[in-house]
Amino acid sequence: MLFISLKQRRWLVSFGCMLGILIGLALLSNWRLADYRDQPFDFYAMRPGELFVVNGLTRRQAGSTKLGFAEAYEPPEIGLYGNHVFQFFGSEAFGDDHNKAYFFNYWYANLALPEIYRYLRRVEQLGHLPKKLILVQITSPNLDNGQFIANFGYELPADLLLFAAGGDSFAERSRRYVAFAWRATINRLHEVLNYAPFLLGFLQEGYQDRVIDPANCQVVDFPSWLPDLLRRVPHIQEAFGRSAGNRYCELRLREGAFRWDGSCDAKYAGMQLIQNEDALVDAERGLNAGDEYEVARQMRAINAIGRHHNINVAFVVPPAYESNRSESVVNQVFNRGLALVPDLTVIDHRPMNSDASLFVDYRHHSSRYFHILADELRQRGLIE
């Protein structure tokens, strides 16, 4: 029989108690994280020039802010669904003579086609699809070497990951539900047992103070040696001359902040333009031979949502700032996928890869590109 000394027993009990306390604190912190989906933020209430600061939010929280808005508020005429690649696509691309209900950018983290499909099915269920045009941004294949096109990033809330997860047979449906449930559980554990959300759960407050007007901000710079997390503590902010009303005014916190149309302002991005920034490593490909059928299947499923409601759907493949890498494996697989959907509306701008004026950095685009895109939408009769 295994003998455990009294000292070892005490150590095991102490270890178990400490582990239980830490896990309990992690769960408490995660429970305290503000839910920006169940308490939806009204982007329509923002004034031009105002920013909703997302610094200090988890990726899921920032994305859920828009998801909650999509679920609770009336949809625009044009809705863009994609990932961070199109974060600078703002309503000004369509001109200045439109109201707030004309365009909204629902970009969300690293969403790919299967997750955009689930996002759209959810808003379809609520009757909140865009009224005239659904724009779907597809990540250019050479960005991230084919990742975030047909695969799951698992950044949606669990209920949306499980939404419409069925297959053609009971066995297929069961397999998909088990796979999604497992991934959702793992993602949740990563979020709960992550040091950043753990600390943020005790520091975060509601979203009311996060809306700022840069024109009215009186910025007081913190000392460079003060850690980021301490800068968010109200008492420390007050000690350095900040009032509760302008704690989010610091210039560096505006990067990634949302404007009233869901887009971000490129002037706060601080990005650097580097050609061919992503290497095309064979072992890290996100698209391989045969994946073209999944790309086509996902595109058809999304298009069917719009067709069912008599709403135009257009897929946009933007360029990356790169040399001619059209012969890459992932690019060729994607080309074969597009060849399977000749009847769908696809705007393929990959050949615009060499014009530096169209980019903010290797993967994000400038306002000039979005004006070009808007003009093409008009030429195709998709918008007026």
# chains A, B, ... in the order shown; residues from 1 in each chain; ligands from 1
call {"tool": "residues_around", "arguments": {"residues": "Val53 of chain A", "least_positions_apart": "4", "cutoff": "8 Å", "atoms": "only C-alpha atoms", "output": "list in words"}}
result
Arg210, Val211, Ile212, Tyr248, Leu253, Arg254, Gly256, Ala257 and Phe258 of chain A
call {"tool": "closest_atom_pairs", "arguments": {"of": "segment 18-123 of chain A", "to": "segment 308-320 of chain A", "cutoff": "12 Å", "atoms": "only C-alpha atoms", "output": "JSON lines"}}
result
{"residue": "A:Glu77", "atom": "CA", "partner": "A:Ile311", "partner_atom": "CA", "distance": 9.9}
{"residue": "A:Ile78", "atom": "CA", "partner": "A:Asn312", "partner_atom": "CA", "distance": 9.6}
{"residue": "A:Gly79", "atom": "CA", "partner": "A:Val313", "partner_atom": "CA", "distance": 9.9}
{"residue": "A:Leu80", "atom": "CA", "partner": "A:Ala314", "partner_atom": "CA", "distance": 9.7}
{"residue": "A:Tyr81", "atom": "CA", "partner": "A:Phe315", "partner_atom": "CA", "distance": 9.7}
{"residue": "A:Gly82", "atom": "CA", "partner": "A:Val316", "partner_atom": "CA", "distance": 9.5}
{"residue": "A:Asn83", "atom": "CA", "partner": "A:Pro318", "partner_atom": "CA", "distance": 11.8}
{"residue": "A:Val85", "atom": "CA", "partner": "A:Pro318", "partner_atom": "CA", "distance": 8.7}
{"residue": "A:Phe86", "atom": "CA", "partner": "A:Pro318", "partner_atom": "CA", "distance": 8.8}
{"residue": "A:Phe89", "atom": "CA", "partner": "A:Pro318", "partner_atom": "CA", "distance": 11.7}
{"residue": "A:Leu113", "atom": "CA", "partner": "A:Phe315", "partner_atom": "CA", "distance": 10.4}
{"residue": "A:Ile116", "atom": "CA", "partner": "A:Phe315", "partner_atom": "CA", "distance": 11.7}
{"residue": "A:Leu120", "atom": "CA", "partner": "A:Val313", "partner_atom": "CA", "distance": 11.6}
{"residue": "A:Arg121", "atom": "CA", "partner": "A:His308", "partner_atom": "CA", "distance": 11.6}
call {"tool": "residues_around", "arguments": {"residues": "Phe163 of chain A", "least_positions_apart": "3", "cutoff": "9 Å", "atoms": "only C-alpha atoms", "output": "list in words"}}
result
Arg118, Tyr119, Arg121, Arg122, Ala158, Asp159, Leu160 and Gly166 of chain A
call {"tool": "write_last_selection", "arguments": {"atoms": "N, CA and C atoms", "output": "mmCIF file, in the first residue's frame"}}
result
data_model
loop_
_atom_site.group_PDB
_atom_site.id
_atom_site.type_symbol
_atom_site.label_atom_id
_atom_site.label_comp_id
_atom_site.auth_asym_id
_atom_site.auth_seq_id
_atom_site.Cartn_x
_atom_site.Cartn_y
_atom_site.Cartn_z
ATOM 1 N N ARG A 118 -22.494 31.183 -40.550
ATOM 2 C CA ARG A 118 -23.232 31.045 -39.293
ATOM 3 C C ARG A 118 -23.679 32.404 -38.762
ATOM 4 N N TYR A 119 -22.835 33.399 -38.917
ATOM 5 C CA TYR A 119 -23.191 34.765 -38.520
ATOM 6 C C TYR A 119 -24.439 35.216 -39.291
ATOM 7 N N ARG A 121 -26.665 33.318 -40.851
ATOM 8 C CA ARG A 121 -27.827 32.516 -40.500
ATOM 9 C C ARG A 121 -28.470 33.022 -39.215
ATOM 10 N N ARG A 122 -27.636 33.473 -38.295
ATOM 11 C CA ARG A 122 -28.165 34.007 -37.035
ATOM 12 C C ARG A 122 -28.964 35.286 -37.277
ATOM 13 N N ALA A 158 -19.954 30.373 -28.697
ATOM 14 C CA ALA A 158 -20.206 28.943 -28.875
ATOM 15 C C ALA A 158 -21.550 28.660 -29.529
ATOM 16 N N ASP A 159 -22.576 29.440 -29.191
ATOM 17 C CA ASP A 159 -23.898 29.143 -29.744
ATOM 18 C C ASP A 159 -23.928 29.355 -31.256
ATOM 19 N N LEU A 160 -23.110 30.286 -31.766
ATOM 20 C CA LEU A 160 -23.062 30.479 -33.215
ATOM 21 C C LEU A 160 -22.208 29.421 -33.893
ATOM 22 N N GLY A 166 -25.277 21.110 -38.857
ATOM 23 C CA GLY A 166 -25.747 19.808 -39.308
ATOM 24 C C GLY A 166 -25.050 19.308 -40.555
#
call {"tool": "select_by_dssp", "arguments": {"residues": "segment 270-307 of chain A", "states": "alpha helix (DSSP H)", "output": "NGL selection string"}}
result
:A and (292-307)
call {"tool": "atom_distance", "arguments": {"atom1": "atom CA of Asn353 of chain A", "atom2": "atom CA of Glu327 of chain A"}}
result
13.8 Å
call {"tool": "closest_residue", "arguments": {"among": "A:Leu143, A:Met18, A:Ala72, A:Leu162", "to": "Leu129 of chain A", "atoms": "only C-alpha atoms"}}
result
A:Ala72
call {"tool": "residues_around", "arguments": {"residues": "segment 266-278 of chain A", "least_positions_apart": "3", "cutoff": "6 Å", "atoms": "only C-alpha atoms", "output": "list in words"}}
result
Glu255, Tyr321, Glu322, Asp361 and Tyr362 of chain A
call {"tool": "write_last_selection", "arguments": {"atoms": "N, CA and C atoms", "output": "compact mmCIF listing (two decimals), in the first residue's frame"}}
result
# COMPACT_ATOMS: atom_id res chain seq x y z
N GLU A 255 -6.11 53.03 -31.42
CA GLU A 255 -5.88 52.03 -32.45
C GLU A 255 -6.92 50.92 -32.34
N TYR A 321 -0.36 43.29 -50.62
CA TYR A 321 0.77 44.04 -51.18
C TYR A 321 1.95 43.09 -51.34
N GLU A 322 2.08 42.56 -52.54
CA GLU A 322 3.07 41.52 -52.78
C GLU A 322 3.55 41.57 -54.22
N ASP A 361 -0.87 48.58 -44.88
CA ASP A 361 0.23 47.65 -44.68
C ASP A 361 0.01 46.47 -45.62
N TYR A 362 0.73 45.40 -45.43
CA TYR A 362 0.70 44.26 -46.36
C TYR A 362 -0.70 43.71 -46.57
call {"tool": "residues_around", "arguments": {"residues": "Pro157 of chain A", "least_positions_apart": "5", "cutoff": "12 Å", "atoms": "only C-alpha atoms", "output": "PyMOL selection string"}}
result
chain A and resi 35-38+59-65+67-68+108+111+115+118-119+122+162-163+180-181+183-185+187-188+191
call {"tool": "atom_distance", "arguments": {"atom1": "atom CA of Phe370 of chain A", "atom2": "atom CA of Asn99 of chain A"}}
result
18.2 Å
